[in-house]
Structures are given as structure tokens and as C-alpha cells.
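Coordinates as given in entry.cif (mmCIF, C-alpha atoms):
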```
data_data
loop_
_atom_site.label_atom_id
_atom_site.label_comp_id
_atom_site.auth_asym_id
_atom_site.auth_seq_id
_atom_site.Cartn_x
_atom_site.Cartn_y
_atom_site.Cartn_z
CA MET A 1 213.25 88.15 -27.23
CA TYR A 2 210.34 86.13 -28.46
CA THR A 3 209.87 85.61 -32.16
CA SER A 4 206.67 86.94 -33.62
CA ARG A 5 205.25 86.44 -37.08
CA GLU A 6 206.60 89.82 -38.12
CA ASP A 7 210.08 88.83 -36.96
CA ILE A 8 210.40 85.82 -39.25
CA GLY A 9 208.83 87.49 -42.25
CA TYR A 10 205.35 86.08 -42.38
CA ASN A 11 202.99 87.83 -44.68
CA LEU A 12 200.74 90.39 -43.08
CA GLY A 13 199.47 91.88 -46.33
CA ASP A 14 199.34 95.55 -45.55
CA ASP A 15 199.71 94.61 -41.91
CA SER A 16 196.53 92.57 -42.18
CA LYS A 17 195.89 89.52 -40.12
CA ILE A 18 195.63 86.53 -42.48
CA GLY A 19 196.72 83.28 -40.93
CA SER A 20 195.21 80.54 -43.05
CA LYS A 21 198.58 78.95 -43.90
CA PRO A 22 202.10 79.35 -42.53
CA ALA A 23 204.10 81.56 -44.88
CA GLU A 24 207.62 81.10 -46.13
CA LEU A 25 210.57 83.18 -45.01
CA ASN A 26 210.53 86.42 -46.96
CA PRO A 27 213.69 86.93 -49.07
CA ASN A 28 213.69 90.65 -48.22
CA ILE A 29 214.51 90.01 -44.56
CA ASP A 30 217.94 91.56 -43.82
CA GLY A 31 218.38 92.46 -47.48
CA GLY A 32 216.74 93.49 -50.72
CA TRP A 33 213.87 95.90 -50.12
CA ALA A 34 214.86 96.07 -46.45
CA TRP A 35 217.46 98.71 -47.33
CA MET A 36 214.77 100.79 -49.04
CA ILE A 37 212.88 100.64 -45.76
CA VAL A 38 216.01 101.93 -44.01
CA LEU A 39 216.22 104.77 -46.57
CA SER A 40 212.56 105.61 -46.05
CA SER A 41 212.99 105.62 -42.26
CA PHE A 42 216.14 107.74 -42.63
CA LEU A 43 214.24 110.40 -44.61
CA VAL A 44 211.36 110.29 -42.11
CA HIS A 45 213.77 111.03 -39.26
CA ILE A 46 215.22 113.95 -41.23
CA LEU A 47 211.83 115.53 -41.94
CA THR A 48 210.19 114.88 -38.55
CA MET A 49 212.70 114.54 -35.72
CA GLY A 50 215.36 116.64 -37.45
CA SER A 51 212.91 119.49 -38.01
CA GLN A 52 211.86 119.38 -34.37
CA MET A 53 215.47 119.57 -33.23
CA ALA A 54 215.79 122.83 -35.22
CA LEU A 55 212.79 124.51 -33.58
CA GLY A 56 215.07 126.64 -31.39
CA ILE A 57 215.35 129.07 -34.32
CA LEU A 58 211.59 129.40 -34.69
CA ASN A 59 211.25 129.68 -30.92
CA MET A 60 213.31 132.89 -31.04
CA LYS A 61 211.14 134.26 -33.85
CA TRP A 62 207.95 133.47 -31.94
CA LEU A 63 209.30 135.29 -28.87
CA GLU A 64 209.90 138.43 -30.96
CA GLU A 65 206.61 138.19 -32.85
CA PHE A 66 204.11 137.46 -30.06
CA ASN A 67 205.89 139.01 -27.04
CA GLN A 68 204.93 136.16 -24.74
CA SER A 69 206.95 134.58 -21.95
CA ARG A 70 209.74 132.13 -22.73
CA GLY A 71 207.97 129.37 -20.84
CA LEU A 72 204.70 129.79 -22.74
CA THR A 73 206.41 130.03 -26.14
CA ALA A 74 208.59 126.99 -25.46
CA TRP A 75 205.40 124.98 -24.95
CA VAL A 76 204.79 125.05 -28.72
CA SER A 77 207.91 123.10 -29.68
CA SER A 78 207.71 120.95 -26.55
CA LEU A 79 204.10 120.05 -27.32
CA SER A 80 204.97 119.07 -30.88
CA MET A 81 207.86 116.87 -29.74
CA GLY A 82 205.83 115.30 -26.94
CA ILE A 83 202.72 114.54 -28.98
CA THR A 84 204.84 112.89 -31.68
CA LEU A 85 205.68 110.13 -29.21
CA ILE A 86 202.64 110.27 -26.90
CA VAL A 87 200.25 109.29 -29.70
CA GLY A 88 202.20 106.08 -30.32
CA PRO A 89 199.65 103.68 -28.75
CA PHE A 90 196.80 105.31 -30.67
CA ILE A 91 198.74 105.26 -33.93
CA GLY A 92 199.11 101.54 -33.30
CA LEU A 93 195.34 101.30 -33.78
CA PHE A 94 195.64 102.95 -37.21
CA ILE A 95 198.45 100.57 -38.13
CA SER A 96 196.31 97.57 -37.13
CA MET A 97 193.44 98.77 -39.33
CA CYS A 98 195.15 100.49 -42.28
CA GLY A 99 198.73 99.26 -42.26
CA CYS A 100 202.00 101.17 -41.97
CA ARG A 101 201.96 102.51 -45.53
CA LYS A 102 198.55 104.22 -45.39
CA THR A 103 199.14 105.48 -41.87
CA ALA A 104 202.43 107.11 -42.89
CA ILE A 105 200.90 108.77 -45.98
CA ILE A 106 198.03 110.23 -43.95
CA GLY A 107 200.52 111.40 -41.34
CA GLY A 108 202.62 113.14 -43.98
CA ILE A 109 199.60 115.10 -45.20
CA LEU A 110 198.64 116.03 -41.62
CA ASN A 111 202.18 117.12 -40.74
CA ALA A 112 202.42 119.35 -43.81
CA LEU A 113 199.01 120.83 -43.02
CA GLY A 114 200.19 121.71 -39.50
CA TRP A 115 203.25 123.57 -40.81
CA ILE A 116 201.23 125.46 -43.43
CA LEU A 117 198.43 126.50 -41.06
CA SER A 118 201.02 127.70 -38.53
CA ALA A 119 202.25 130.26 -41.06
CA TYR A 120 198.97 132.19 -40.72
CA VAL A 121 198.43 132.23 -36.94
CA SER A 122 198.00 135.54 -35.13
CA ASN A 123 198.59 134.31 -31.58
CA VAL A 124 200.95 131.88 -29.89
CA HIS A 125 197.94 130.01 -28.50
CA TYR A 126 196.86 129.07 -32.02
CA LEU A 127 200.30 127.52 -32.51
CA PHE A 128 199.42 125.02 -29.79
CA LEU A 129 196.67 123.65 -32.05
CA THR A 130 198.16 124.07 -35.52
CA PHE A 131 201.78 123.19 -34.86
CA GLY A 132 201.80 121.49 -31.47
CA VAL A 133 198.83 119.18 -32.05
CA THR A 134 198.29 118.93 -35.82
CA ALA A 135 201.93 118.73 -36.91
CA GLY A 136 202.77 116.65 -33.83
CA VAL A 137 200.12 114.02 -34.54
CA GLY A 138 201.19 113.94 -38.20
CA SER A 139 204.80 113.36 -37.19
CA GLY A 140 203.74 110.55 -34.87
CA MET A 141 201.73 108.87 -37.64
CA VAL A 142 204.86 108.76 -39.81
CA TYR A 143 207.49 108.16 -37.13
CA LEU A 144 206.01 105.00 -35.60
CA PRO A 145 205.55 103.12 -38.92
CA ALA A 146 209.11 104.05 -39.86
CA VAL A 147 210.45 102.42 -36.69
CA VAL A 148 208.14 99.39 -36.87
CA MET A 149 208.93 98.61 -40.51
CA VAL A 150 212.68 98.55 -39.87
CA GLY A 151 212.09 96.13 -37.00
CA GLN A 152 210.03 93.85 -39.26
CA TYR A 153 212.53 93.78 -42.12
CA PHE A 154 215.65 93.10 -40.02
CA GLN A 155 216.68 90.33 -37.63
CA LYS A 156 220.45 89.77 -37.57
CA ARG A 157 221.47 93.40 -38.12
CA ARG A 158 218.54 95.10 -36.45
CA ALA A 159 220.62 97.39 -34.19
CA LEU A 160 222.75 98.53 -37.14
CA ALA A 161 219.66 99.11 -39.31
CA GLN A 162 217.97 101.12 -36.59
CA GLY A 163 221.19 103.06 -36.04
CA LEU A 164 221.50 103.92 -39.75
CA SER A 165 217.86 104.92 -40.07
CA THR A 166 217.85 107.09 -36.96
CA THR A 167 220.98 108.96 -38.06
CA GLY A 168 218.43 110.95 -40.03
CA THR A 169 217.75 112.81 -36.79
CA GLY A 170 221.33 114.08 -36.74
CA PHE A 171 221.39 114.91 -40.44
CA GLY A 172 218.00 116.55 -40.10
CA ALA A 173 219.04 118.67 -37.12
CA PHE A 174 222.09 119.88 -39.06
CA LEU A 175 220.30 120.45 -42.38
CA MET A 176 217.03 121.81 -41.02
CA THR A 177 218.79 124.22 -38.68
CA ALA A 178 220.67 125.75 -41.59
CA LEU A 179 217.62 125.63 -43.85
CA LEU A 180 215.21 127.24 -41.38
CA GLU A 181 217.74 129.91 -40.46
CA TYR A 182 218.25 130.76 -44.14
CA LEU A 183 214.53 130.77 -44.90
CA CYS A 184 213.75 132.97 -41.90
CA ILE A 185 216.39 135.51 -42.97
CA GLU A 186 215.36 135.55 -46.62
CA PHE A 187 211.56 135.18 -46.42
CA GLY A 188 210.54 135.62 -42.78
CA TRP A 189 209.44 132.93 -40.35
CA ARG A 190 205.89 132.68 -41.73
CA ASN A 191 206.99 131.95 -45.28
CA ALA A 192 209.68 129.67 -43.88
CA MET A 193 207.04 127.53 -42.17
CA PHE A 194 204.95 127.48 -45.35
CA ILE A 195 207.93 126.25 -47.38
CA GLN A 196 208.76 123.70 -44.70
CA GLY A 197 205.18 122.44 -44.95
CA ALA A 198 205.63 121.90 -48.69
CA ILE A 199 208.88 120.03 -48.02
CA SER A 200 207.11 117.86 -45.44
CA LEU A 201 204.84 116.47 -48.17
CA ASN A 202 207.79 114.25 -49.07
CA LEU A 203 206.78 112.19 -46.03
CA CYS A 204 204.01 110.78 -48.23
CA VAL A 205 206.67 109.47 -50.61
CA CYS A 206 208.50 107.90 -47.67
CA GLY A 207 205.27 106.24 -46.60
CA ALA A 208 204.74 104.85 -50.10
CA LEU A 209 208.13 103.11 -49.86
CA MET A 210 206.99 101.14 -46.78
CA ARG A 211 205.99 98.05 -48.74
CA PRO A 212 204.55 95.35 -46.45
CA LEU A 213 206.03 91.87 -46.31
CA SER A 214 203.98 89.66 -48.67
CA PRO A 215 205.18 86.30 -50.08
CA LYS A 216 203.54 85.42 -53.41
CA ASP A 217 201.90 82.21 -52.28
CA VAL A 218 200.06 83.85 -49.41
CA VAL A 219 199.11 86.84 -51.52
CA SER A 220 197.67 84.62 -54.26
CA GLU A 221 195.69 82.65 -51.69
CA THR A 222 194.33 85.88 -50.24
CA TYR A 223 193.24 87.09 -53.64
CA VAL A 224 191.50 83.78 -54.37
CA LEU A 225 189.54 83.99 -51.13
CA ARG A 226 188.61 87.59 -51.78
CA SER A 227 187.63 86.93 -55.42
CA ASN A 228 185.43 84.00 -54.42
CA SER A 229 183.63 86.05 -51.81
CA GLU A 230 183.23 88.97 -54.21
CA ASP A 231 181.88 86.65 -56.91
CA ASN A 232 179.30 85.25 -54.50
CA GLN A 233 178.29 88.73 -53.44
CA ALA A 234 178.07 89.86 -57.06
CA LYS A 235 175.86 86.90 -57.91
CA ALA A 236 173.63 87.68 -54.96
CA LEU A 237 173.39 91.32 -55.98
CA SER A 238 172.62 90.48 -59.61
CA HIS A 239 169.99 87.95 -58.52
CA SER A 240 168.35 90.50 -56.25
CA SER A 241 168.42 93.13 -58.98
CA GLU A 242 166.80 90.77 -61.47
CA THR A 243 164.12 89.93 -58.91
CA ILE A 244 163.49 93.60 -58.23
CA LYS A 245 163.39 94.37 -61.91
CA SER A 246 161.04 91.51 -62.75
CA ASN A 247 158.75 92.41 -59.90
CA GLY A 248 158.71 96.00 -61.05
CA VAL A 249 157.91 95.12 -64.65
CA LEU A 250 155.39 92.35 -64.06
CA SER A 251 153.60 93.86 -61.10
CA GLU A 252 151.38 95.96 -63.31
CA GLU A 253 148.35 94.00 -64.52
CA PRO A 254 145.76 95.39 -66.98
CA GLU A 255 142.72 96.53 -65.05
CA LYS A 256 140.74 97.53 -68.05
CA LYS A 257 140.48 95.60 -71.31
CA ALA A 258 139.14 98.57 -73.27
CA ILE A 259 142.36 100.60 -73.38
CA THR A 260 144.11 101.04 -76.72
CA ASN A 261 147.41 99.53 -77.83
CA GLU A 262 149.19 102.89 -77.50
CA GLU A 263 148.08 103.25 -73.88
CA VAL A 264 149.29 99.73 -73.14
CA LEU A 265 152.66 100.53 -74.72
CA ASP A 266 153.02 103.81 -72.84
CA SER A 267 152.10 102.25 -69.50
CA SER A 268 154.52 99.38 -70.01
CA GLN A 269 157.34 101.82 -70.88
CA HIS A 270 156.65 103.95 -67.80
CA THR A 271 156.51 100.84 -65.64
CA GLU A 272 159.83 99.60 -67.02
CA ILE A 273 161.47 102.97 -66.40
CA ARG A 274 160.17 102.99 -62.83
CA GLY A 275 161.40 99.44 -62.35
CA ARG A 276 164.86 100.31 -63.65
CA SER A 277 165.14 103.40 -61.48
CA ARG A 278 163.92 101.45 -58.48
CA SER A 279 166.41 98.65 -59.13
CA GLY A 280 169.18 101.20 -59.65
CA ARG A 281 168.42 102.80 -56.30
CA ASN A 282 168.38 99.40 -54.63
CA MET A 283 171.69 98.44 -56.24
CA HIS A 284 173.22 101.72 -55.07
CA GLY A 285 171.91 101.12 -51.56
CA LEU A 286 173.24 97.57 -51.53
CA PHE A 287 176.66 98.82 -52.69
CA ILE A 288 176.78 101.40 -49.88
CA LEU A 289 175.68 98.77 -47.38
CA LYS A 290 178.40 96.39 -48.60
CA THR A 291 181.09 99.09 -48.33
CA VAL A 292 180.00 100.10 -44.84
CA SER A 293 179.88 96.47 -43.65
CA GLN A 294 183.40 95.82 -44.97
CA LEU A 295 184.66 98.96 -43.25
CA VAL A 296 183.04 97.93 -39.96
CA ILE A 297 184.64 94.47 -40.19
CA THR A 298 188.08 96.00 -40.88
CA VAL A 299 187.77 98.44 -37.99
CA ARG A 300 186.54 95.71 -35.64
CA LYS A 301 189.43 93.38 -36.51
CA GLY A 302 191.99 96.17 -36.18
CA PHE A 303 190.58 97.27 -32.84
CA THR A 304 190.60 93.68 -31.57
CA VAL A 305 194.28 93.23 -32.43
CA TRP A 306 195.17 96.64 -31.00
CA TYR A 307 193.21 96.07 -27.79
CA SER A 308 194.68 92.60 -27.25
CA SER A 309 198.17 94.01 -27.80
CA TYR A 310 197.83 96.87 -25.30
CA PHE A 311 195.14 95.83 -22.85
CA GLY A 312 194.54 92.11 -23.40
CA THR A 313 195.62 89.10 -21.38
CA ALA A 314 199.15 89.42 -22.73
CA SER A 315 199.25 93.13 -21.97
CA LEU A 316 202.52 94.95 -22.26
CA PHE A 317 201.98 96.44 -18.84
CA THR A 318 202.15 93.09 -17.10
CA ASN A 319 205.89 93.25 -17.77
CA ARG A 320 207.25 95.16 -14.77
CA VAL A 321 210.59 95.82 -16.42
CA PHE A 322 208.79 97.36 -19.36
CA VAL A 323 206.73 99.59 -17.05
CA ALA A 324 209.93 100.79 -15.40
CA PHE A 325 211.39 101.32 -18.88
CA ILE A 326 208.42 103.55 -19.80
CA ILE A 327 208.87 105.67 -16.67
CA TRP A 328 212.56 106.06 -17.49
CA ALA A 329 211.76 107.01 -21.10
CA LEU A 330 209.47 109.80 -19.86
CA PHE A 331 212.38 111.53 -18.15
CA ALA A 332 214.90 110.63 -20.85
CA TYR A 333 212.99 112.26 -23.69
CA SER A 334 212.08 115.23 -21.51
CA SER A 335 215.73 115.98 -20.83
CA PHE A 336 217.03 115.27 -24.33
CA VAL A 337 215.17 118.16 -25.98
CA ILE A 338 216.46 120.77 -23.51
CA PRO A 339 219.70 121.63 -25.36
CA PHE A 340 218.00 122.05 -28.74
CA ILE A 341 215.33 124.41 -27.42
CA HIS A 342 217.43 126.51 -25.02
CA LEU A 343 220.93 126.54 -26.56
CA PRO A 344 220.17 129.71 -28.58
CA GLU A 345 219.21 131.44 -25.32
CA ILE A 346 222.36 130.18 -23.55
CA VAL A 347 224.51 131.49 -26.40
CA LYS A 348 222.74 134.84 -26.31
CA GLN A 349 223.13 135.26 -22.55
CA SER A 350 226.82 134.25 -22.66
CA LYS A 351 227.43 136.72 -25.53
CA LEU A 352 228.85 134.03 -27.78
CA SER A 353 226.72 134.75 -30.84
CA ARG A 354 229.74 135.60 -33.02
CA GLU A 355 231.47 132.26 -32.41
CA ASN A 356 228.17 130.39 -32.64
CA ASN A 357 227.44 131.90 -36.05
CA ILE A 358 230.70 130.50 -37.38
CA PHE A 359 229.86 126.96 -36.27
CA PRO A 360 226.55 126.57 -34.40
CA LEU A 361 226.55 124.44 -31.28
CA THR A 362 223.39 122.66 -32.41
CA SER A 363 225.25 121.63 -35.57
CA ILE A 364 228.00 120.12 -33.43
CA ILE A 365 225.40 118.04 -31.58
CA ALA A 366 223.82 116.98 -34.87
CA ILE A 367 227.05 115.95 -36.59
CA VAL A 368 228.47 113.99 -33.67
CA HIS A 369 225.01 112.52 -33.06
CA ILE A 370 225.25 110.84 -36.46
CA PHE A 371 228.51 109.09 -35.61
CA GLY A 372 227.23 108.22 -32.15
CA LYS A 373 224.24 106.32 -33.52
CA VAL A 374 226.29 104.34 -36.02
CA VAL A 375 229.13 103.56 -33.61
CA LEU A 376 226.84 102.57 -30.73
CA GLY A 377 224.77 100.44 -33.12
CA ILE A 378 227.87 98.58 -34.32
CA ILE A 379 229.14 98.09 -30.77
CA SER A 380 225.76 96.76 -29.62
CA ASP A 381 225.73 94.17 -32.43
CA LEU A 382 229.02 92.65 -31.19
CA PRO A 383 228.41 89.23 -29.59
CA CYS A 384 230.59 89.99 -26.56
CA ILE A 385 228.87 93.31 -25.75
CA SER A 386 225.55 93.68 -23.96
CA THR A 387 223.17 96.14 -25.61
CA TRP A 388 221.80 97.09 -22.23
CA ASN A 389 225.26 97.99 -20.88
CA VAL A 390 225.93 100.28 -23.85
CA PHE A 391 222.46 101.73 -23.44
CA LEU A 392 222.90 102.58 -19.76
CA MET A 393 226.45 103.93 -20.05
CA ALA A 394 225.45 106.30 -22.86
CA ASN A 395 222.41 107.42 -20.91
CA PHE A 396 224.51 108.25 -17.84
CA THR A 397 226.94 110.26 -19.98
CA LEU A 398 224.11 112.21 -21.61
CA VAL A 399 222.50 113.14 -18.31
CA SER A 400 225.81 114.28 -16.84
CA CYS A 401 226.51 116.52 -19.85
CA ILE A 402 223.06 118.12 -19.75
CA LEU A 403 223.54 118.91 -16.07
CA THR A 404 226.88 120.64 -16.71
CA LEU A 405 225.78 122.50 -19.87
CA PRO A 406 224.48 125.68 -18.12
CA LEU A 407 227.75 125.93 -16.13
CA MET A 408 229.92 126.37 -19.24
CA GLN A 409 230.85 129.99 -20.00
CA THR A 410 233.19 129.72 -23.01
CA TYR A 411 232.50 128.56 -26.54
CA ILE A 412 235.12 125.79 -26.42
CA SER A 413 233.71 124.28 -23.23
CA LEU A 414 230.20 124.45 -24.64
CA ALA A 415 231.39 122.80 -27.86
CA VAL A 416 233.01 119.91 -25.94
CA VAL A 417 229.90 119.33 -23.86
CA CYS A 418 227.69 119.53 -26.96
CA ALA A 419 229.91 116.97 -28.72
CA LEU A 420 229.52 114.58 -25.77
CA ILE A 421 225.77 115.18 -25.81
CA GLY A 422 225.64 114.40 -29.50
CA PHE A 423 227.64 111.18 -29.21
CA SER A 424 225.95 109.83 -26.09
CA SER A 425 222.48 110.67 -27.41
CA GLY A 426 223.19 108.17 -30.16
CA TYR A 427 221.89 105.53 -27.76
CA PHE A 428 218.36 106.53 -28.81
CA SER A 429 218.94 104.35 -31.86
CA LEU A 430 218.95 101.42 -29.42
CA MET A 431 215.51 102.30 -28.04
CA PRO A 432 213.63 100.05 -30.53
CA VAL A 433 216.15 97.27 -29.95
CA VAL A 434 215.80 97.17 -26.17
CA THR A 435 212.03 97.61 -26.47
CA GLU A 436 211.79 94.61 -28.80
CA ASP A 437 214.04 92.75 -26.38
CA LEU A 438 211.44 93.32 -23.66
CA VAL A 439 208.12 92.81 -25.46
CA GLY A 440 208.88 91.76 -29.05
CA THR A 441 208.19 93.57 -32.30
#
```
Here is the file; what I need is its structure written in the form of C-alpha cells.
Amino acid sequence: MYTSREDIGYNLGDDSKIGSKPAELNPNIDGGWAWMIVLSSFLVHILTMGSQMALGILNMKWLEEFNQSRGLTAWVSSLSMGITLIVGPFIGLFISMCGCRKTAIIGGILNALGWILSAYVSNVHYLFLTFGVTAGVGSGMVYLPAVVMVGQYFQKRRALAQGLSTTGTGFGAFLMTALLEYLCIEFGWRNAMFIQGAISLNLCVCGALMRPLSPKDVVSETYVLRSNSEDNQAKALSHSSETIKSNGVLSEEPEKKAITNEEVLDSSQHTEIRGRSRSGRNMHGLFILKTVSQLVITVRKGFTVWYSSYFGTASLFTNRVFVAFIIWALFAYSSFVIPFIHLPEIVKQSKLSRENNIFPLTSIIAIVHIFGKVVLGIISDLPCISTWNVFLMANFTLVSCILTLPLMQTYISLAVVCALIGFSSGYFSLMPVVTEDLVGT
């Protein structure tokens, strides 16, 4: 895996591109604030991916409320899960322009808005827009920065850090399943979604914890450059305002010598007032022009970096292994969500609701999923073990279990298969690791 500037801890400001001097190794790499990044990513996985894994409960409520087909209703949760990951390349553009912190905060607000608006819909088709698109895009805007920041802050223990942070998916599936079920029973599914939207605002706090890597020497140099440029611009603005003001005041010449002293005084006062108002308007216009020009420069730089990363000469898609990896990921993520969406229906058809209420099958997947991510992360960090071998073996086990899941007729057999699904699905914590192994951070 090649070593990028993010890998060795160079300063990127708030993911900005400042390369005037080589920066020193950041002391927070593999320690210090890096563990706060892991905590932030852990909470993001609870509130985004964990909530999506618990959508099977809401799917049952939507079927009863809107009386639509199972296929159409399942599109709501599937759309939300899919858009969360599909928007990744476009969220990369936001990260290039605004940085991970701002992108995550905006995503948290958007995700909460999607949950809250979904509480007032009158048709399942509106859920496609409010929950599927709005909440899905918001989740994607938080999820991607959470993964990227962990990759930037860790080198030696990257697989373990990613494993710990992504265990939030398992904890979230367990906690959010119980929470949504309780809220739906006590307050109804509409109020439950409204409350969940309020809880999702905590994603903004998680985004605020994503502090960018910034050594002091580079930061001070950046501030000096910015202060110098701002001083020059301020001098230019003040000079222009004085010129405008002087022109406004001195432009009036006496045309008649017979006017009285009071008329001269009044005319000079009116002229000065007009000059001040004119200079004020010009200063306001110059300020707006300066702000717009800075915004255009920021957007242009961010778009250039984003375009060169995805479609430039060093395009990701020139790597054939990576292209094959993307095609595999399409099917992998499509199959992984099947148990969480359709397990409640399988339990209902098999008449196992009594046993499932004692210990839900989705909770079994969630709990074992936690251990699977940690254990597979530790195994992958061993020097004698290939991460790719662990990755492929776990993937084969997961696919085999999903294929046999509909054939199970008893609660015990379903519980065993769900436990294997939970453990083997822990290999998703290795997704960022193998991706970075292919194309870098």
C-alpha cells in the first residue's frame, strides 16, 4: 500500500491542501486524539448503520399502515441503506472542499431531518424521498468521514481501529432494535421516528470530534500567509474607500458665488452624507465580492482534487483489481441486508414469534457481530496472517449462511445460522483496510 500524506500525518488543515513545507509526524497518529476519532466513528456506526439494521421493525409498521406490497415497502429501507454508500464518491467532493468535520455535521442535520419528516408522511411513496433519500444522504455524509478519519489517524493498528469503530454497527443493531420496538409500542411508529430524529442530532457532536491533523508549525505558517493576504486586501479596501469618499466630498464645486454661508454648509453636509452612503455601499459590495471569490476558489480547488482522485490520470478505475472489488462489493452489501429486513417475516411465517420475543434473532446477529469484528480485526493484524485470506473466508461463510437461512424451520437452527452470520459479517470491518491496500487512503 502506498503511503500518502494522510498516512504519515501531514497537516491538511481541515482537509485542506497546503503543501508549502513538509510537515512533521503528528503525535496523534496511533494514539492520543486518535482514540477519540475511534469513539466518534463508533457512535456514528451506532446511529447510522445500527439504526438501518433495525429497520425491519419499522418495515412491519409501514406494511400495516399503508397496505402496500412487501416488495414496494421494503424499497424504503433498502433505498436508505443503498444511498448511504452510493453517495460516497460525491461526498468525497464535499470532504475535499469543506473537510470531514463540516461534512459530518451537515450530514447529521440532514439525517435527523429525514427521520423527522418521515414521521408526517401519508403515503409510502413519500418515504422514498424523506427517509430513503434525505436520511440516506445524511447518513452517507457522516459515515464516509468517520471511516476516512480512522484511516488517517492509524497506521500500525489500522485493522484493529477499524474493527473497534465498526463494532458500533453491532451495538447499534442490538440497541436500536430494542429502542425502536419499545418506542413503537409506547408512542406509535410516527412518534418513534420523530424521537429517533432527535437522537440522530448527536451525529453533529460526533462530527465535531473529527479534529483534522494539524501540526503547530504548519498551522502557524498557514495563519501567517492568510493574515498577510488579508492585511493586503484590507489596505486595498481602505485605500479604495478613502478614494471614493474623497471623490464624493470634493466633487462638488461651488457654481455660484452669491450663495450664503448656511447654504454652503448645508450642501457640504448633504454631499458628505451622500459620499459616506456611497462609500458604504461600495464597501459592502467589495466585501460580498471578496467572499464570493474566496468561495469560488475553495470550490474550484476541492473539485480539482476530487476530480483528479476519481477521474484523473491516476484514476482509481485504472486498477483492475479495484474494479473487480467494486463489483464484488455491490453483491456483498446487497446480500448482507437481507436477514435484517426479512427476518421478522421469516419468524412470523414459521410461527416462532414467542421464542423470538424472548431473544430476538436480530439481536443474536448484532451481539455476535461485535465479537466477529474485533476478533477478525485482531487476526488480520497478525504478521503471519493475510488480511485477504481472512476477508475471503469470512465472506464465503456469510454467503453460505444466508443461502441456508430460509431453509431453517426451528428457532435453534435459525439462532445458529444467525450467529454464524453475525460472526462472519464482521469481515466488513476489513473493508477499509483492503480498500486502502488497493488504492491508498
Output of the PyMOL selection byres ((chain A and resi 351-361) around 8), listed as a compact mmCIF listing (two decimals) with C-alpha atoms, keeping the file's coordinate frame:
```txt
# COMPACT_ATOMS: atom_id res chain seq x y z
CA LEU A 343 220.93 126.54 -26.56
CA VAL A 347 224.51 131.49 -26.40
CA LYS A 348 222.74 134.84 -26.31
CA GLN A 349 223.13 135.26 -22.55
CA SER A 350 226.82 134.25 -22.66
CA THR A 362 223.39 122.66 -32.41
CA SER A 363 225.25 121.63 -35.57
CA ILE A 364 228.00 120.12 -33.43
CA ILE A 365 225.40 118.04 -31.58
CA THR A 410 233.19 129.72 -23.01
CA TYR A 411 232.50 128.56 -26.54
CA LEU A 414 230.20 124.45 -24.64
CA ALA A 415 231.39 122.80 -27.86
CA CYS A 418 227.69 119.53 -26.96
```
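Coordinates place atom CA of A:Phe336 at a distance of 10.8 Å from atom CA of A:Met81.
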Q: Any chance you could resolve the PyMOL selection byres ((chain A and resi 131-133) around 8) against this file and give the residues as a ChimeraX atom specification?
A: /A:76-81,83,114-115,117-118,127-130,134-137
**Q.** Explicit residues for the PyMOL selection byres ((chain A and resi 56) around 9) (as a VMD selection string)
**A.** chain A and resid 52 to 55 57 to 61 74 77 177 340 to 345
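Residues in contact with A:Ser40 at 8 Å, where only C-alpha atoms are counted and same-chain residues fewer than 6 positions away are skipped, are listed as Ala146, Cys206, Gly207, Leu209 and Met210 of chain A.
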Given the selection you just returned, output its residues as a file containing C-alpha atoms, formatted as an mmCIF file, keeping the file's coordinate frame.
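For reference, result.cif as written:
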```cif
data_model
loop_
_atom_site.group_PDB
_atom_site.id
_atom_site.type_symbol
_atom_site.label_atom_id
_atom_site.label_comp_id
_atom_site.auth_asym_id
_atom_site.auth_seq_id
_atom_site.Cartn_x
_atom_site.Cartn_y
_atom_site.Cartn_z
ATOM 1 C CA ALA A 146 209.110 104.050 -39.860
ATOM 2 C CA CYS A 206 208.500 107.900 -47.670
ATOM 3 C CA GLY A 207 205.270 106.240 -46.600
ATOM 4 C CA LEU A 209 208.130 103.110 -49.860
ATOM 5 C CA MET A 210 206.990 101.140 -46.780
#
```
**Q.** For A:Ile116, the nearest of the candidates A:Gly372, A:Gly197, A:Gly285, A:Gly422, counting all atoms listed in the file
**A.** A:Gly197
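The space between atom CA of A:Ala192 and atom CA of A:Leu180 spans 6.5 Å.
Comparing the minimum interatomic distances between A:Thr404 and each of A:Ile195, A:Val439, A:Ile421, A:Gly99, counting only C-alpha atoms, we find that A:Ile421 sits nearest.
The spacing separating atom CA of A:Val148 from atom CA of A:Gly377 amounts to 17.1 Å.
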**Q.** Nearby residues (only C-alpha atoms) at most 8 Å from A:Cys401, same-chain spacing under 2 positions excluded, as a PyMOL selection string
**A.** chain A and resi 397-399+403-405+417-418+420-421
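Nearest residue to A:Ser334 among A:Ala34, A:Leu72, A:Ala159, A:Leu85 is A:Leu85, counting only C-alpha atoms.
If all atoms listed in the file are the atoms counted, then among A:Leu430, A:Leu203, A:Ile327, A:Ala419 the closest residue to A:Thr166 is A:Leu430.
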Q. Using all atoms listed in the file, which residues sit within 7 Å of stretch 167-170 of chain A once same-chain residues fewer than 4 positions away are excluded, as a PyMOL selection string?
A. chain A and resi 42-43+45-46+49-50+163+174+366-367+369-370+373
